[in-house]
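Visitor: Before we start, here is the structure in question, set down as C-alpha cells.
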Amino acid sequence: MAFTIRQLQYFIAVAEEGTVSGAAQSLSISQSAVTDAIKELEADLGVSLFERHRRGLSITHQGHQFYRHANRILADVSDARRSFSEEAAAPPGTLQLGVTSLVAGYVLSDLLARYRRAHPAVSVSAIEDNGDYLEHLLIGGELDVAVMVISNLRDRVALQAEIFETSPYRLWLPLGHRLGGADIIHVSDIVPEPLIMLTVDETEENTGKLLSALGAKPHVAFRTRSVEAVRSLVATGAGIALLPDLVYRPWSLEGDRIESRDIAGSLPVVQVGMVWRRGSALTQAARDFIGLAQAQHLARGRG
C-alpha cells in the first residue's frame, strides 16, 4: 500500500508537535486517526519513524530523513495545485494575427473557426496586409504570428516559418474553352491567351516568370486584387488565369462554371505557413494557434 498525502500531513504534525495529542489538536482530528496513520506509514516504509516513550515520541534518524522528503512532497503538491488555480484565474489572453490577402479567406477562415471553438475566451485580433509589412510587424513584436504565403519570405534569419499547406498553380478556363479538351496543356499553349492577372502576394510575379522563361511577354487583359473578380472574368470568357489550386472554386458568384486543368512542365508552387519571430517567447495563445495548424496539417497529410 502506497502512503497518502494525508499520512504525510499527520506525520509532519507529529514530528513538529512532539506528541500525538498535540498533532491531533492542531489538525482537529482524533488521536486514534493520527496513531493509525503513523503506524500505516511506518509499515509501508518498513522503518520506525518515532521512538515511543511514556512522555511522548521522539523522531528517529530515519524519521528525520523522511521528514525532509515529506515536506518536499507536500510543497510540490501545493505548487501543482497553485499552478492550476493561477491558470484558471489568469486572463484568457489575446492573439495578434497577421494574414496575407491570398490566404485570408481560403486558409485562415477554417483555421480561425477551429481555434475559436477550442479557445472561445481568447480575444483574437487580425490584420490583412502584404507579406513585407507583416514581416515588419512580426520582427517588431506587434504580431504574435502570421498566416501567410512563405514561398518568398524575405527575412529567414529573424523569422521562423513552418509550412502547413502547399498548393500548385493550375490553369483556370471558362466552360467550352479550346484548351479544355486538350489531353496535355503546355505553357506555350497559353501564351497567346488573354490573362486575368491576380496581383496579390506573389501570383503576378510567378506568372510573369513562368511566361518570360519561354521568351514570351504575358498578354494581360485585366489586373485585379480580387479572386472573385478573376472567377467572374474567367467564367464569362474574358481570359484565362494561372492561380494556386487553394483558391480554386468551380463556380463564379454569378453561377458560371470555371474549369481547372493541370499544365505540363514545372510550375510554381505556393507554400502557406505559420510565421513568427525567431527566438521570441510565444504567448500560450500563439502556441495553441500554431499547434492547431500543425495538427490540421498532419491530419490532412494522413488523409
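We label chains A, B, ... in the order they appear in the C-alpha cells, count residues from 1 in each chain, and number ligands from 1 in the order shown.
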Residues near segment 54-64 of chain A, anyone? I mean within 8 Å using only C-alpha atoms, not counting same-chain ones fewer than 3 positions away, as a PyMOL selection string.
Guide: chain A and resi 15+18-20+47-51+67-68
Visitor: Create the file for the chosen residues now, containing C-alpha atoms and written as a short mmCIF file (atom, residue, chain, number, x, y, z; two decimals), in the first residue's frame.
Guide:
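Contents of out.cif, as written:
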```cif
data_model
loop_
_atom_site.label_atom_id
_atom_site.label_comp_id
_atom_site.auth_asym_id
_atom_site.auth_seq_id
_atom_site.Cartn_x
_atom_site.Cartn_y
_atom_site.Cartn_z
CA ALA A 15 7.19 15.48 14.17
CA GLY A 18 6.32 16.06 19.51
CA THR A 19 3.14 14.27 20.66
CA VAL A 20 0.18 12.53 19.09
CA VAL A 47 11.18 1.80 9.19
CA SER A 48 10.40 3.28 12.61
CA LEU A 49 9.80 7.00 12.29
CA PHE A 50 9.41 7.61 16.04
CA GLU A 51 10.62 6.10 19.29
CA TYR A 67 10.68 14.48 7.30
CA ARG A 68 12.71 16.36 4.65
#
```
Visitor: Write out as number ranges by chain each polymer residue whose atoms come within 9 Å of Ala70 of chain A, counting only C-alpha atoms; drop sequence neighbours fewer than 2 positions from it.
Guide: A: 5, 8-9, 11-12, 65-68, 72-75
Visitor: Could you please determine the separation between atom CA of Leu267 of chain A and atom CA of Leu171 of chain A in Å, to one decimal place?
Guide: 10.5 Å
Visitor: For Glu165 of chain A, list every protein, DNA or RNA residue within 9 Å, evaluated using only C-alpha atoms, and leave out those in the same chain fewer than 4 positions away; present the list as a list in words.
Guide: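 Contacts, in chain order: Val107, Leu246, Val270, Gln271, Val272, Gly273 and His297 of chain A.
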Visitor: Export N, CA, C and O atoms of the chosen residues as a CSV table (one decimal), in the first residue's frame?
Guide:
```
chain,number,residue,atom,x,y,z
A,107,VAL,N,-7.5,29.9,-46.2
A,107,VAL,CA,-6.8,29.1,-45.2
A,107,VAL,C,-7.2,29.6,-43.8
A,107,VAL,O,-7.5,28.8,-42.9
A,246,LEU,N,-5.3,26.3,-54.2
A,246,LEU,CA,-6.0,26.5,-52.9
A,246,LEU,C,-7.2,27.5,-53.0
A,246,LEU,O,-8.1,27.5,-52.2
A,270,VAL,N,2.9,27.4,-54.4
A,270,VAL,CA,2.7,28.4,-53.3
A,270,VAL,C,2.8,27.6,-52.0
A,270,VAL,O,2.1,26.6,-51.8
A,271,GLN,N,3.6,28.1,-51.1
A,271,GLN,CA,3.7,27.5,-49.7
A,271,GLN,C,3.0,28.4,-48.7
A,271,GLN,O,3.4,29.6,-48.7
A,272,VAL,N,2.1,27.9,-48.0
A,272,VAL,CA,1.4,28.7,-47.0
A,272,VAL,C,1.8,28.1,-45.6
A,272,VAL,O,1.9,26.9,-45.4
A,273,GLY,N,2.1,29.0,-44.7
A,273,GLY,CA,2.6,28.6,-43.4
A,273,GLY,C,2.4,29.6,-42.3
A,273,GLY,O,1.8,30.7,-42.5
A,297,HIS,N,-2.4,20.2,-40.3
A,297,HIS,CA,-1.6,19.8,-41.4
A,297,HIS,C,-1.3,18.3,-41.4
A,297,HIS,O,-1.3,17.6,-42.4
```
Visitor: For a quick check of understanding, using only C-alpha atoms, which of A:Glu204, A:Val147, A:Glu135, A:Ser32 has the smallest distance to Ser109 of chain A?
Guide: A:Val147
Visitor: Write out as a PyMOL selection string the residues lying within 12 Å of Ala126 of chain A, counting only C-alpha atoms and excluding same-chain residues fewer than 4 positions away.
Guide: chain A and resi 94-101+104+108-109+112+134+142-147
Visitor: Write down as an NGL selection string the residues belonging to segment 103-162 of chain A that are assigned helix (DSSP H, G or I) by DSSP computed on the backbone.
Guide: :A and (103-118 or 131-139)
Visitor: One decimal, in Å: what's the spacing between atom CA of Glu42 of chain A and atom CA of Asn71 of chain A?
Guide: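 Going from atom CA of Glu42 of chain A over to atom CA of Asn71 of chain A, I get 16.6 Å.
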Visitor: Could you tell me which of A:Leu195, A:Val220, A:Ala24, A:Ala43 comes closest to Val234 of chain A if we count only C-alpha atoms?
Guide: A:Leu195
Visitor: DSSP on the backbone, then: every residue of segment 223-297 of chain A marked strand (DSSP E), written as number ranges by chain.
Guide: A: 223-224, 241-244, 258-261, 269-277
Visitor: Those same residues - C-alpha atoms - I'd like them written as an mmCIF file, in the first residue's frame.
Guide:
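The result, written out as selection-v7.cif:
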```
data_model
loop_
_atom_site.group_PDB
_atom_site.id
_atom_site.type_symbol
_atom_site.label_atom_id
_atom_site.label_comp_id
_atom_site.auth_asym_id
_atom_site.auth_seq_id
_atom_site.Cartn_x
_atom_site.Cartn_y
_atom_site.Cartn_z
ATOM 1 C CA ARG A 223 -5.291 43.038 -63.341
ATOM 2 C CA THR A 224 -7.171 42.746 -60.056
ATOM 3 C CA ALA A 241 -5.838 32.589 -65.284
ATOM 4 C CA LEU A 242 -2.914 30.811 -63.641
ATOM 5 C CA LEU A 243 -3.592 30.568 -59.916
ATOM 6 C CA PRO A 244 -2.771 28.372 -56.906
ATOM 7 C CA ILE A 258 -14.968 27.508 -64.189
ATOM 8 C CA GLU A 259 -12.750 24.579 -65.155
ATOM 9 C CA SER A 260 -9.305 23.839 -63.739
ATOM 10 C CA ARG A 261 -6.583 21.972 -65.648
ATOM 11 C CA VAL A 269 4.171 26.184 -56.010
ATOM 12 C CA VAL A 270 2.676 28.352 -53.282
ATOM 13 C CA GLN A 271 3.706 27.484 -49.744
ATOM 14 C CA VAL A 272 1.409 28.682 -46.979
ATOM 15 C CA GLY A 273 2.554 28.552 -43.393
ATOM 16 C CA MET A 274 2.800 29.988 -39.936
ATOM 17 C CA VAL A 275 5.460 32.644 -39.326
ATOM 18 C CA TRP A 276 6.671 34.053 -36.009
ATOM 19 C CA ARG A 277 9.701 35.882 -34.715
#
```
Visitor: So how many Å separate atom CA of Arg278 of chain A and atom CA of Gln160 of chain A, to one decimal?
Guide: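 About the pair atom CA of Arg278 of chain A and atom CA of Gln160 of chain A: they are 5.0 Å apart.
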Visitor: Could you tell me which of A:Lys217, A:His177, A:Arg170, A:His136 comes closest to Pro192 of chain A if we count only C-alpha atoms?
Guide: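 Of the candidates, the smallest distance to Pro192 of chain A is held by A:Lys217.
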Visitor: Which of these residues is nearest to Val187 of chain A, using only C-alpha atoms: A:Ala13, A:Val34, A:Ile163, A:Ala216?
Guide: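 Using only C-alpha atoms, the shortest distance to Val187 of chain A belongs to A:Ala216.
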Visitor: Rank A:Pro268, A:Gly237, A:Pro218, A:Gly141 by their smallest atom-to-atom distance to Gly176 of chain A, using only C-alpha atoms, and report the top residue only.
Guide: A:Gly237
Visitor: Of the candidates A:His219, A:His119, A:Arg225, A:Arg257, which shows the shortest atom-to-atom distance to Leu175 of chain A, using only C-alpha atoms?
Guide: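 Among A:His219, A:His119, A:Arg225, A:Arg257, it is A:Arg257 that comes nearest to Leu175 of chain A.
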